[in-house]
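*Asks:* Take a look at the following structure, please.
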Number of protein chains: 2
Amino acid sequence: MTDTNSITTILENHGLRKTPNRISILNEFSNSKHALSHADIENALKELDRVTIYRTLSSFADQGIIHKVLDESGTAKYALCQSECTEHKHEDSHVHFSCTKCKLTFCLESISIPMLQIPKGYAAKEFNLLVQGVCKNCNTKRI
Amino acid sequence: MTDTNSITTILENHGLRKTPNRISILNEFSNSKHALSHADIENALKELDRVTIYRTLSSFADQGIIHKVLDESGTAKYALCQSECTEHKHEDSHVHFSCTKCKLTFCLESISIPMLQIPKGYAAKEFNLLVQGVCKNCNTKRI
DNA sequence: TAATTAATTGCAATTAAGTTGCAAATAGAA
DNA sequence: TTCTATTTGCAACTTAATTGCAATTAATTA
């Protein structure tokens with residue numbers, strides 16, 4: 001799907017070495033419409049070492065290539081950062097939709113979180129909205 | 001702090017037996033300004049069995065006495081439900097503030113999530129907004 | 001192109017989080 | 001007081017994630 005060229009460019013831009021492991025993990029994210037857990041990647045790329053996957057996810061997240069997706073599952077999921085995130089500047093607002101039927105979690109890029117009145121004294125930096133319900137796909141193929 | 005009477009009333013109202021374990025766990029929630037993890041309760045009430053705590057948290061959550069608080073920590077946290085939640089009707093919208101300094105997570109009861117335009121096809125049921133930043137307390141006693 | 005080196009990887013071991021099964025104890029109804 | 005379904009405690013287990021270290025390798029430089 002995604003050309004290897006753009007994958008390696010991402011790694012270059014974030015100062016990470018272009019190793020086969022990283023390229024294949026990044027490729028998984030690139031080809032996925034939903035957020036991926038460690039287990040998802042382990043299943044998709046059986047030859048990779050568990051620990052290497054954990055460490056790759058951490059360094060990708062540190063570098064702003066992917067971001068952590070919070071859902072009710074309890075296990076960490078990650079998705080590609082859309083815009084230009086770096087180690088120093090992160091997009092600070094995310095909306096995700098978690099489907100109670102298929103259990104997949106999607107980034108809703110199209111909608112953004114409206115401004116809201118945080119109580120005085122709090123310094124808000126990052127906003128994560130998790131919407132739970134039934135996704136488009138599960139809704140349409142309802143029996 | 002909170003009188004034992006109201007604690008036992010909560011258990012009664014949700015059809016749970018008034019056992020010493022449940023009363024002390026519910027009391028912890030009642031006295032806490034922030035969401036509590038399994039580990040928090042284990043530390044506060046050393047005499048309680050780990051598994052009993054897990055099961056109590058589950059049944060409280062099932063009955064709508066407490067709700068799961070999602071934050072970036074990865075481990076589950078819970079807080080008392082404000083309004084009248086039952087097994088069948090749950091308050092479906094929560095805003096939480098997670099402090100990156102003290103690592104505590106608070107319920108922001110005062111603010112509610114504005115209506116937003118979910119893409120066509122999605123059926124949204126529940127909304128959880130996590131705001132991350134520096135809390136009131138950490139902000140004021142900044143050195 | 002070969003040598004160098006710091007980043008990356010793989011493996012083993014460990015910690016932490018959460019679950020399951022089952023027998024003993026007990027809250028609350030009869 | 002008796003009875004029974006709920007709750008509890010314990011042991012064992014599963015799953016998620018982390019750490020340390022030696023071996024490997026990507027990318028720089030000679």
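Starting from 1 in every chain, residues are counted up; chains themselves are A, B, ... following the order of the structure tokens, and ligands are numbered from 1 as listed.
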Show me which bits of chain B are within 10 Å of chain C, counting only C-alpha atoms (C1' of nucleotides), as a list of chain:residue names.

*Replies:*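 Those within range of chain C come out as B:Arg17, B:Lys18, B:Thr19, B:His38, B:Ala39, B:Val51, B:Tyr54, B:Gly74, B:Thr75, B:Ala76.
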
*Asks:* What's around range 99-109 of chain B at 8 Å? Count only C-alpha atoms (C1' of nucleotides), leave out sequence neighbours fewer than 6 positions away in its own chain, and write the answer as a PyMOL selection string.

*Replies:* chain B and resi 33-35+71+79+132-135+138

*Asks:* With N, CA and C atoms retained, could you export that selection as a PDB file, in the first residue's frame?

*Replies:*
```pdb
ATOM      1  N   LYS B  33     -10.426  12.553  46.851  1.00  0.00           N
ATOM      2  CA  LYS B  33     -10.750  13.572  45.858  1.00  0.00           C
ATOM      3  C   LYS B  33     -10.346  13.130  44.460  1.00  0.00           C
ATOM      4  N   HIS B  34      -9.570  12.053  44.364  1.00  0.00           N
ATOM      5  CA  HIS B  34      -9.084  11.610  43.060  1.00  0.00           C
ATOM      6  C   HIS B  34      -9.421  10.142  42.822  1.00  0.00           C
ATOM      7  N   ALA B  35      -9.282   9.729  41.587  1.00  0.00           N
ATOM      8  CA  ALA B  35      -9.587   8.350  41.210  1.00  0.00           C
ATOM      9  C   ALA B  35      -8.578   7.396  41.839  1.00  0.00           C
ATOM     10  N   ASP B  71      -6.954   6.806  31.998  1.00  0.00           N
ATOM     11  CA  ASP B  71      -5.872   7.768  31.843  1.00  0.00           C
ATOM     12  C   ASP B  71      -4.680   7.110  31.174  1.00  0.00           C
ATOM     13  N   ALA B  79     -13.582   5.948  40.108  1.00  0.00           N
ATOM     14  CA  ALA B  79     -14.064   7.027  40.962  1.00  0.00           C
ATOM     15  C   ALA B  79     -15.556   6.842  41.178  1.00  0.00           C
ATOM     16  N   GLN B 132      -5.088  16.355  30.060  1.00  0.00           N
ATOM     17  CA  GLN B 132      -3.825  16.197  30.772  1.00  0.00           C
ATOM     18  C   GLN B 132      -3.122  17.546  30.916  1.00  0.00           C
ATOM     19  N   GLY B 133      -2.424  17.701  31.998  1.00  0.00           N
ATOM     20  CA  GLY B 133      -1.720  18.957  32.241  1.00  0.00           C
ATOM     21  C   GLY B 133      -1.268  19.023  33.681  1.00  0.00           C
ATOM     22  N   VAL B 134      -1.258  20.223  34.238  1.00  0.00           N
ATOM     23  CA  VAL B 134      -0.837  20.396  35.623  1.00  0.00           C
ATOM     24  C   VAL B 134      -2.038  20.843  36.451  1.00  0.00           C
ATOM     25  N   CYS B 135      -2.271  20.152  37.554  1.00  0.00           N
ATOM     26  CA  CYS B 135      -3.476  20.411  38.336  1.00  0.00           C
ATOM     27  C   CYS B 135      -3.320  21.660  39.197  1.00  0.00           C
ATOM     28  N   CYS B 138      -0.688  21.399  42.120  1.00  0.00           N
ATOM     29  CA  CYS B 138       0.710  21.428  41.686  1.00  0.00           C
ATOM     30  C   CYS B 138       1.073  22.789  41.098  1.00  0.00           C
TER      31      CYS B 138
END
```

*Asks:* Could you please tell me, as a list in words, which residues of chain D have an atom within 8 Å of chain B when using only C-alpha atoms (C1' of nucleotides)?

*Replies:* DT6, DT8 and DG9 of chain D

*Asks:* Do me a favour and pick out the residues of chain B within 8 Å of chain A, using only C-alpha atoms, as an MDAnalysis selection string.

*Replies:* chainID B and resid 70:72 74:76 110:111 113:114 116:137 139:140

*Asks:* Please provide the set of residues having any atom within 7 Å of Leu80 in chain B, restricted to only C-alpha atoms (C1' of nucleotides), with same-chain residues fewer than 3 positions apart removed, written as number ranges by chain.

*Replies:* B: 29, 65-67

*Asks:* Check chain B with DSSP on the backbone and list each residue it calls alpha helix (DSSP H), as a PyMOL selection string.

*Replies:* chain B and resi 4-13+20-31+38-44+50-62+136-140

*Asks:* Keeping C-alpha atoms, export the residues of the selection given above as a PDB file, in the first residue's frame.

*Replies:*
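After the write, part_1.pdb holds the following:
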```pdb
ATOM      1  CA  THR B   4     -21.251   4.996  57.491  1.00  0.00           C
ATOM      2  CA  ASN B   5     -24.952   5.367  57.080  1.00  0.00           C
ATOM      3  CA  SER B   6     -24.794   6.834  53.581  1.00  0.00           C
ATOM      4  CA  ILE B   7     -22.203   4.229  52.616  1.00  0.00           C
ATOM      5  CA  THR B   8     -24.454   1.350  53.570  1.00  0.00           C
ATOM      6  CA  THR B   9     -27.366   3.051  51.881  1.00  0.00           C
ATOM      7  CA  ILE B  10     -25.440   3.033  48.618  1.00  0.00           C
ATOM      8  CA  LEU B  11     -24.828  -0.699  48.924  1.00  0.00           C
ATOM      9  CA  GLU B  12     -28.474  -1.292  49.801  1.00  0.00           C
ATOM     10  CA  ASN B  13     -29.692   0.748  46.848  1.00  0.00           C
ATOM     11  CA  PRO B  20     -16.987  -4.984  56.052  1.00  0.00           C
ATOM     12  CA  ASN B  21     -14.765  -5.220  52.964  1.00  0.00           C
ATOM     13  CA  ARG B  22     -17.175  -3.372  50.754  1.00  0.00           C
ATOM     14  CA  ILE B  23     -17.858  -0.724  53.333  1.00  0.00           C
ATOM     15  CA  SER B  24     -14.184   0.055  53.796  1.00  0.00           C
ATOM     16  CA  ILE B  25     -13.489   0.124  50.058  1.00  0.00           C
ATOM     17  CA  LEU B  26     -16.472   2.355  49.409  1.00  0.00           C
ATOM     18  CA  ASN B  27     -15.313   4.538  52.255  1.00  0.00           C
ATOM     19  CA  GLU B  28     -11.944   5.006  50.566  1.00  0.00           C
ATOM     20  CA  PHE B  29     -13.649   6.276  47.450  1.00  0.00           C
ATOM     21  CA  SER B  30     -15.887   8.497  49.486  1.00  0.00           C
ATOM     22  CA  ASN B  31     -12.932  10.130  51.204  1.00  0.00           C
ATOM     23  CA  HIS B  38      -6.410  -1.263  42.671  1.00  0.00           C
ATOM     24  CA  ALA B  39      -2.929  -0.618  44.077  1.00  0.00           C
ATOM     25  CA  ASP B  40      -4.114   2.529  45.895  1.00  0.00           C
ATOM     26  CA  ILE B  41      -6.767   0.550  47.710  1.00  0.00           C
ATOM     27  CA  GLU B  42      -4.405  -2.297  48.419  1.00  0.00           C
ATOM     28  CA  ASN B  43      -2.011   0.156  50.070  1.00  0.00           C
ATOM     29  CA  ALA B  44      -4.688   1.946  52.019  1.00  0.00           C
ATOM     30  CA  ARG B  50      -5.998  -8.619  46.321  1.00  0.00           C
ATOM     31  CA  VAL B  51      -8.579 -10.701  44.539  1.00  0.00           C
ATOM     32  CA  THR B  52     -11.388  -9.457  46.741  1.00  0.00           C
ATOM     33  CA  ILE B  53     -10.438  -5.899  45.811  1.00  0.00           C
ATOM     34  CA  TYR B  54     -10.514  -6.730  42.099  1.00  0.00           C
ATOM     35  CA  ARG B  55     -13.902  -8.374  42.459  1.00  0.00           C
ATOM     36  CA  THR B  56     -15.320  -5.580  44.560  1.00  0.00           C
ATOM     37  CA  LEU B  57     -14.221  -2.996  42.003  1.00  0.00           C
ATOM     38  CA  SER B  58     -15.898  -5.011  39.267  1.00  0.00           C
ATOM     39  CA  SER B  59     -19.177  -5.373  41.071  1.00  0.00           C
ATOM     40  CA  PHE B  60     -19.218  -1.701  42.098  1.00  0.00           C
ATOM     41  CA  ALA B  61     -18.598  -0.749  38.474  1.00  0.00           C
ATOM     42  CA  ASP B  62     -21.249  -3.193  37.235  1.00  0.00           C
ATOM     43  CA  LYS B 136      -4.521  23.292  40.551  1.00  0.00           C
ATOM     44  CA  ASN B 137      -2.585  22.037  43.519  1.00  0.00           C
ATOM     45  CA  CYS B 138       0.710  21.428  41.686  1.00  0.00           C
ATOM     46  CA  ASN B 139       0.329  24.723  39.856  1.00  0.00           C
ATOM     47  CA  THR B 140      -0.022  26.868  42.967  1.00  0.00           C
TER      48      THR B 140
END
```

*Asks:* Calculate how many Å separate CA of Gln82 in chain A from CA of Gln63 in chain A, rounding to one decimal.

*Replies:*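 Going from CA of Gln82 in chain A over to CA of Gln63 in chain A, I get 13.2 Å.
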
*Asks:* Suppose you want the space between CA of Glu47 in chain B and C1' of DT7 in chain D; what is it in Å?

*Replies:*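 Spanning CA of Glu47 in chain B to C1' of DT7 in chain D is a straight-line distance of 16.3 Å.
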